[in-house]
file protein.txt (compact mmCIF, C-alpha atoms)
# COMPACT_ATOMS: atom_id res chain seq x y z
CA MET A 1 86.47 132.66 104.35
CA SER A 2 89.37 130.80 102.79
CA GLU A 3 92.56 129.61 104.39
CA PRO A 4 95.37 131.18 102.38
CA GLY A 5 98.06 129.58 104.46
CA ASP A 6 96.63 126.09 104.33
CA GLY A 7 98.22 125.01 101.07
CA SER A 8 95.79 122.12 100.73
CA GLY A 9 94.19 123.29 97.49
CA LEU A 10 90.67 123.11 98.94
CA GLU A 11 89.67 126.72 98.36
CA PRO A 12 87.22 126.05 95.45
CA GLY A 13 85.46 123.37 97.48
CA THR A 14 85.41 125.64 100.50
CA ASN A 15 83.80 128.41 98.45
CA ALA A 16 81.19 125.97 97.16
CA VAL A 17 80.43 124.85 100.71
CA SER A 18 80.11 128.48 101.80
CA GLN A 19 77.60 129.19 99.05
CA LEU A 20 75.53 126.13 99.93
CA ASP A 21 75.72 127.08 103.59
CA ARG A 22 74.46 130.57 102.74
CA VAL A 23 71.49 129.11 100.87
CA LYS A 24 70.63 126.88 103.80
CA GLN A 25 70.93 129.73 106.31
CA GLU A 26 68.56 131.85 104.23
CA TYR A 27 65.81 129.26 103.88
CA THR A 28 66.20 128.20 107.52
CA ALA A 29 65.80 131.80 108.71
CA ALA A 30 62.76 132.29 106.45
CA ALA A 31 61.15 129.07 107.70
CA ARG A 32 61.71 130.03 111.33
CA GLU A 33 60.10 133.43 110.78
CA ILE A 34 57.07 131.85 109.09
CA LEU A 35 56.71 129.36 111.95
CA ARG A 36 57.07 132.09 114.56
CA ARG A 37 54.28 134.12 112.99
CA SER A 38 52.06 131.06 112.61
CA MET A 39 52.38 130.30 116.33
CA GLN A 40 51.46 133.78 117.57
CA GLY A 41 47.81 132.80 117.99
CA VAL A 42 48.75 129.54 119.73
CA ALA A 43 51.06 131.49 122.03
CA ARG A 44 48.02 133.00 123.76
CA THR A 45 46.72 129.58 124.76
CA LYS A 46 47.85 127.34 127.62
CA LEU A 47 49.76 125.09 125.25
CA THR A 48 53.44 124.96 126.19
CA PRO A 49 56.51 124.00 124.13
CA ASP A 50 57.10 121.02 126.42
CA MET A 51 53.61 119.70 125.62
CA LEU A 52 54.44 119.86 121.92
CA SER A 53 57.76 118.11 122.51
CA ILE A 54 56.07 115.25 124.36
CA ALA A 55 53.32 114.99 121.73
CA GLY A 56 55.92 114.95 118.96
CA LEU A 57 57.85 112.12 120.58
CA ALA A 58 54.66 110.13 121.18
CA LEU A 59 53.63 110.47 117.52
CA CYS A 60 57.07 109.44 116.25
CA VAL A 61 57.17 106.40 118.52
CA ALA A 62 53.63 105.43 117.50
CA GLY A 63 54.68 105.70 113.86
CA ALA A 64 57.73 103.53 114.54
CA VAL A 65 55.57 100.86 116.18
CA LEU A 66 53.29 100.74 113.13
CA VAL A 67 56.26 100.44 110.77
CA GLY A 68 57.55 97.59 112.92
CA PHE A 69 54.36 95.65 112.12
CA GLU A 70 54.40 96.45 108.40
CA GLU A 71 54.26 92.80 107.35
CA ARG A 72 50.56 92.75 108.26
CA ASN A 73 49.67 95.42 105.70
CA GLU A 74 52.56 97.19 104.01
CA TYR A 75 50.60 100.04 102.44
CA LEU A 76 48.61 100.85 105.57
CA PHE A 77 51.34 100.49 108.17
CA PHE A 78 54.15 102.13 106.19
CA TRP A 79 52.03 105.08 105.14
CA VAL A 80 50.21 105.65 108.43
CA GLY A 81 53.50 105.24 110.28
CA GLY A 82 55.08 107.77 107.93
CA VAL A 83 52.24 110.25 108.48
CA LEU A 84 52.58 109.93 112.26
CA PHE A 85 56.35 110.38 112.02
CA VAL A 86 55.98 113.53 109.93
CA ALA A 87 53.30 114.89 112.28
CA GLY A 88 55.52 114.21 115.28
CA SER A 89 58.50 115.84 113.58
CA ILE A 90 56.41 118.92 112.75
CA ALA A 91 55.37 119.12 116.41
CA ASP A 92 59.06 118.95 117.35
CA ILE A 93 59.72 121.89 115.04
CA LEU A 94 56.73 123.91 116.23
CA ASP A 95 57.72 123.68 119.89
CA GLY A 96 60.72 125.90 119.23
CA ALA A 97 58.58 128.33 117.23
CA LEU A 98 56.05 128.45 120.09
CA ALA A 99 58.83 129.09 122.60
CA ARG A 100 60.07 132.04 120.55
CA ALA A 101 56.60 133.45 119.86
CA ALA A 102 55.30 133.17 123.43
CA GLY A 103 58.51 133.72 125.33
CA LYS A 104 57.83 130.41 127.10
CA GLY A 105 61.18 128.86 126.33
CA THR A 106 63.35 127.50 129.12
CA VAL A 107 66.80 125.96 129.22
CA PHE A 108 65.34 122.63 130.30
CA GLY A 109 62.72 122.87 127.56
CA ALA A 110 65.44 123.30 124.94
CA PHE A 111 67.31 120.32 126.41
CA LEU A 112 64.11 118.24 126.41
CA ASP A 113 63.34 119.21 122.82
CA SER A 114 66.79 118.19 121.56
CA THR A 115 66.66 114.89 123.44
CA PHE A 116 63.17 114.00 122.21
CA ASP A 117 64.14 114.87 118.63
CA ARG A 118 66.90 112.28 118.73
CA LEU A 119 64.68 109.68 120.40
CA GLY A 120 61.88 110.03 117.86
CA GLU A 121 64.23 109.73 114.91
CA ALA A 122 66.12 106.81 116.43
CA ALA A 123 62.85 104.98 117.13
CA MET A 124 61.78 105.21 113.50
CA LEU A 125 65.17 104.14 112.17
CA THR A 126 65.15 101.21 114.60
CA ALA A 127 61.79 100.11 113.18
CA ILE A 128 63.16 100.44 109.64
CA GLY A 129 66.17 98.36 110.66
CA LEU A 130 63.79 95.70 111.94
CA VAL A 131 62.14 95.60 108.51
CA PHE A 132 65.52 95.06 106.84
CA MET A 133 66.41 92.36 109.36
CA ARG A 134 63.21 90.44 108.57
CA ASP A 135 63.98 90.77 104.86
CA SER A 136 67.55 89.51 105.45
CA ASN A 137 68.85 92.68 103.79
CA GLU A 138 72.12 92.95 105.70
CA ILE A 139 73.56 95.79 103.61
CA ALA A 140 70.50 97.96 104.22
CA LEU A 141 70.57 97.04 107.92
CA VAL A 142 74.18 98.20 108.22
CA ALA A 143 73.24 101.40 106.35
CA THR A 144 70.47 101.97 108.90
CA PHE A 145 72.96 101.59 111.75
CA LEU A 146 75.25 104.08 110.02
CA ALA A 147 72.31 106.45 109.54
CA VAL A 148 71.46 106.32 113.25
CA ILE A 149 75.05 106.91 114.34
CA GLY A 150 75.57 109.62 111.72
CA SER A 151 72.37 111.41 112.67
CA LEU A 152 73.38 111.47 116.32
CA LEU A 153 76.85 112.74 115.42
CA VAL A 154 75.36 115.51 113.27
CA SER A 155 73.63 116.85 116.37
CA TYR A 156 76.62 116.20 118.61
CA THR A 157 79.12 118.01 116.41
CA ARG A 158 76.91 121.09 116.30
CA ALA A 159 76.36 121.06 120.07
CA LYS A 160 80.08 120.58 120.76
CA ALA A 161 81.03 123.37 118.35
CA GLU A 162 78.59 125.75 119.99
CA MET A 163 80.00 124.83 123.41
CA LEU A 164 83.36 126.04 122.07
CA GLY A 165 81.78 129.29 120.90
CA LEU A 166 81.92 128.27 117.24
CA ARG A 167 79.40 127.61 114.51
CA GLY A 168 78.55 124.01 113.74
CA ASP A 169 75.31 124.25 111.79
CA VAL A 170 76.63 123.76 108.25
CA GLY A 171 75.65 120.92 105.96
CA PHE A 172 72.45 119.57 104.45
CA GLY A 173 72.10 116.59 106.78
CA SER A 174 70.30 118.41 109.58
CA ARG A 175 66.99 117.44 111.18
CA LEU A 176 64.68 118.85 108.50
CA GLU A 177 66.44 117.14 105.61
CA ARG A 178 66.57 113.83 107.47
CA VAL A 179 62.85 113.94 108.23
CA VAL A 180 62.09 114.52 104.54
CA ILE A 181 64.27 111.57 103.48
CA VAL A 182 62.72 109.20 106.03
CA ALA A 183 59.22 110.32 105.00
CA VAL A 184 60.04 109.62 101.34
CA ALA A 185 61.50 106.24 102.30
CA LEU A 186 58.31 105.21 104.07
CA GLY A 187 56.19 106.48 101.20
CA ILE A 188 57.91 104.28 98.62
CA ALA A 189 58.56 101.34 100.96
CA PRO A 190 55.57 99.22 99.82
CA TRP A 191 57.20 98.93 96.38
CA GLY A 192 60.44 97.55 97.82
CA TRP A 193 62.44 100.80 97.56
CA LEU A 194 62.87 101.50 101.26
CA GLN A 195 66.62 100.90 101.27
CA TRP A 196 67.56 103.56 98.69
CA PRO A 197 66.59 106.66 100.71
CA ILE A 198 68.23 105.05 103.75
CA TYR A 199 71.48 104.73 101.80
CA LEU A 200 71.16 108.43 100.94
CA LEU A 201 70.39 109.30 104.57
CA ALA A 202 73.47 107.50 105.86
CA LEU A 203 75.69 109.12 103.23
CA MET A 204 74.30 112.60 103.83
CA ALA A 205 74.61 112.31 107.60
CA TRP A 206 78.24 111.26 107.51
CA LEU A 207 79.16 113.86 104.89
CA THR A 208 77.61 116.49 107.18
CA VAL A 209 79.60 115.18 110.15
CA VAL A 210 82.86 115.44 108.20
CA GLN A 211 81.87 118.86 106.85
CA ARG A 212 81.18 120.17 110.35
CA MET A 213 84.47 118.81 111.67
CA LEU A 214 86.37 120.55 108.86
CA PHE A 215 84.36 123.73 109.38
CA VAL A 216 85.22 123.80 113.10
CA ARG A 217 88.89 123.20 112.28
CA ARG A 218 88.82 126.09 109.82
CA GLN A 219 87.27 128.42 112.40
CA LEU A 220 89.91 127.47 114.97
CA ARG A 221 92.69 128.10 112.46
CA GLU A 222 91.27 131.50 111.59
CA LEU A 223 91.08 132.40 115.28
CA ALA A 224 94.70 131.32 115.73
CA GLU A 225 95.94 133.46 112.83
CA PRO A 226 97.70 136.70 113.87
CA ALA A 227 95.68 139.86 113.33
call {"tool": "encode", "arguments": {"input": "protein.txt", "output": "structure tokens"}}
result
Amino acid sequence: MSEPGDGSGLEPGTNAVSQLDRVKQEYTAAAREILRRSMQGVARTKLTPDMLSIAGLALCVAGAVLVGFEERNEYLFFWVGGVLFVAGSIADILDGALARAAGKGTVFGAFLDSTFDRLGEAAMLTAIGLVFMRDSNEIALVATFLAVIGSLLVSYTRAKAEMLGLRGDVGFGSRLERVVIVAVALGIAPWGWLQWPIYLLALMAWLTVVQRMLFVRRQLRELAEPA
């Protein structure tokens, strides 16, 4: 929806954002349905969503530890660390699908899942920052700090918007996209290209934060408009 009374001349950009948001909503809904169906068999076992959350965090932290020791063998430690990070992130995604498929979800489980997601991602970015610090790459190190802060704010802005009864899930800097970028970064790291995906990650995270802030403001203005 546009803001006819805004007078800011942002309607074309707003329409573009709405179209991109619609695309994201469609593929997110399709992915969730596929995951829910894939977990129906697992739902009959004793495996719980909390177990998957803990396993996911453990895998991400293990991957971060390996990346932190990459100077011993760049190919082995970057790639194995990346595989563990991706596996842990997939487990973090599957716990929600298991909760929906088995009806085992709890409020505390959802809280635990969100917290562990942030911890796993922050652990890996901390390890990547350590690599940049050893290489004396200060620009990339600052970009890693910005990526960590931006990633946390992406989650915070959505949570805060939903507390206000609004939508805050727009933007292409959400968890799935960030995992893909970090995985690519670790895959190409042995060739000295680690910093470029991190630059992209920081930029995408902060653009998503700004986009969500503007989206919340637009929703509040629409609610304040007279019927």
call {"tool": "closest_residue", "arguments": {"input": "protein.txt", "among": "A:Leu76, A:Leu141, A:Val67, A:Leu119", "to": "Ile54 of chain A", "atoms": "only C-alpha atoms"}}
result
A:Leu119
call {"tool": "atom_distance", "arguments": {"input": "protein.txt", "atom1": "atom CA of Leu176 of chain A", "atom2": "atom CA of Tyr75 of chain A"}}
result
24.3 Å
call {"tool": "axis_aligned_box", "arguments": {"input": "protein.txt", "around": "segment 142-150 of chain A", "padding_each_side": "3 Å", "output": "JSON"}}
result
{"center_x": 73.0, "center_y": 103.9, "center_z": 110.3, "size_x": 11.1, "size_y": 17.4, "size_z": 14.0}
call {"tool": "residues_around", "arguments": {"input": "protein.txt", "residues": "segment 57-64 of chain A", "least_positions_apart": "6", "cutoff": "7 Å", "atoms": "all atoms listed in the file", "output": "list of chain:residue names"}}
result
A:Gly81, A:Gly82, A:Leu84, A:Phe85, A:Ala87, A:Gly88, A:Phe116, A:Gly120, A:Ala123, A:Met124, A:Ala127
call {"tool": "residues_around", "arguments": {"input": "protein.txt", "residues": "segment 194-206 of chain A", "least_positions_apart": "3", "cutoff": "6 Å", "atoms": "all atoms listed in the file", "output": "VMD selection string"}}
result
chain A and resid 140 143 146 to 147 150 to 151 173 185 189 209
call {"tool": "closest_residue", "arguments": {"input": "protein.txt", "among": "A:Ala122, A:Val170, A:Leu186, A:Ala99", "to": "Val86 of chain A", "atoms": "only C-alpha atoms"}}
result
A:Leu186
call {"tool": "atom_distance", "arguments": {"input": "protein.txt", "atom1": "atom CA of Gln19 of chain A", "atom2": "atom CA of Val184 of chain A"}}
result
26.4 Å
call {"tool": "atom_distance", "arguments": {"input": "protein.txt", "atom1": "atom CA of Ser155 of chain A", "atom2": "atom CA of Gly68 of chain A"}}
result
25.3 Å
call {"tool": "closest_residue", "arguments": {"input": "protein.txt", "among": "A:Glu162, A:Glu74, A:Asp117, A:Glu222", "to": "Ser174 of chain A", "atoms": "only C-alpha atoms"}}
result
A:Asp117
call {"tool": "residues_around", "arguments": {"input": "protein.txt", "residues": "Ser114 of chain A", "least_positions_apart": "6", "cutoff": "10 Å", "atoms": "only C-alpha atoms", "output": "ChimeraX atom specification"}}
result
/A:53,92,108,155
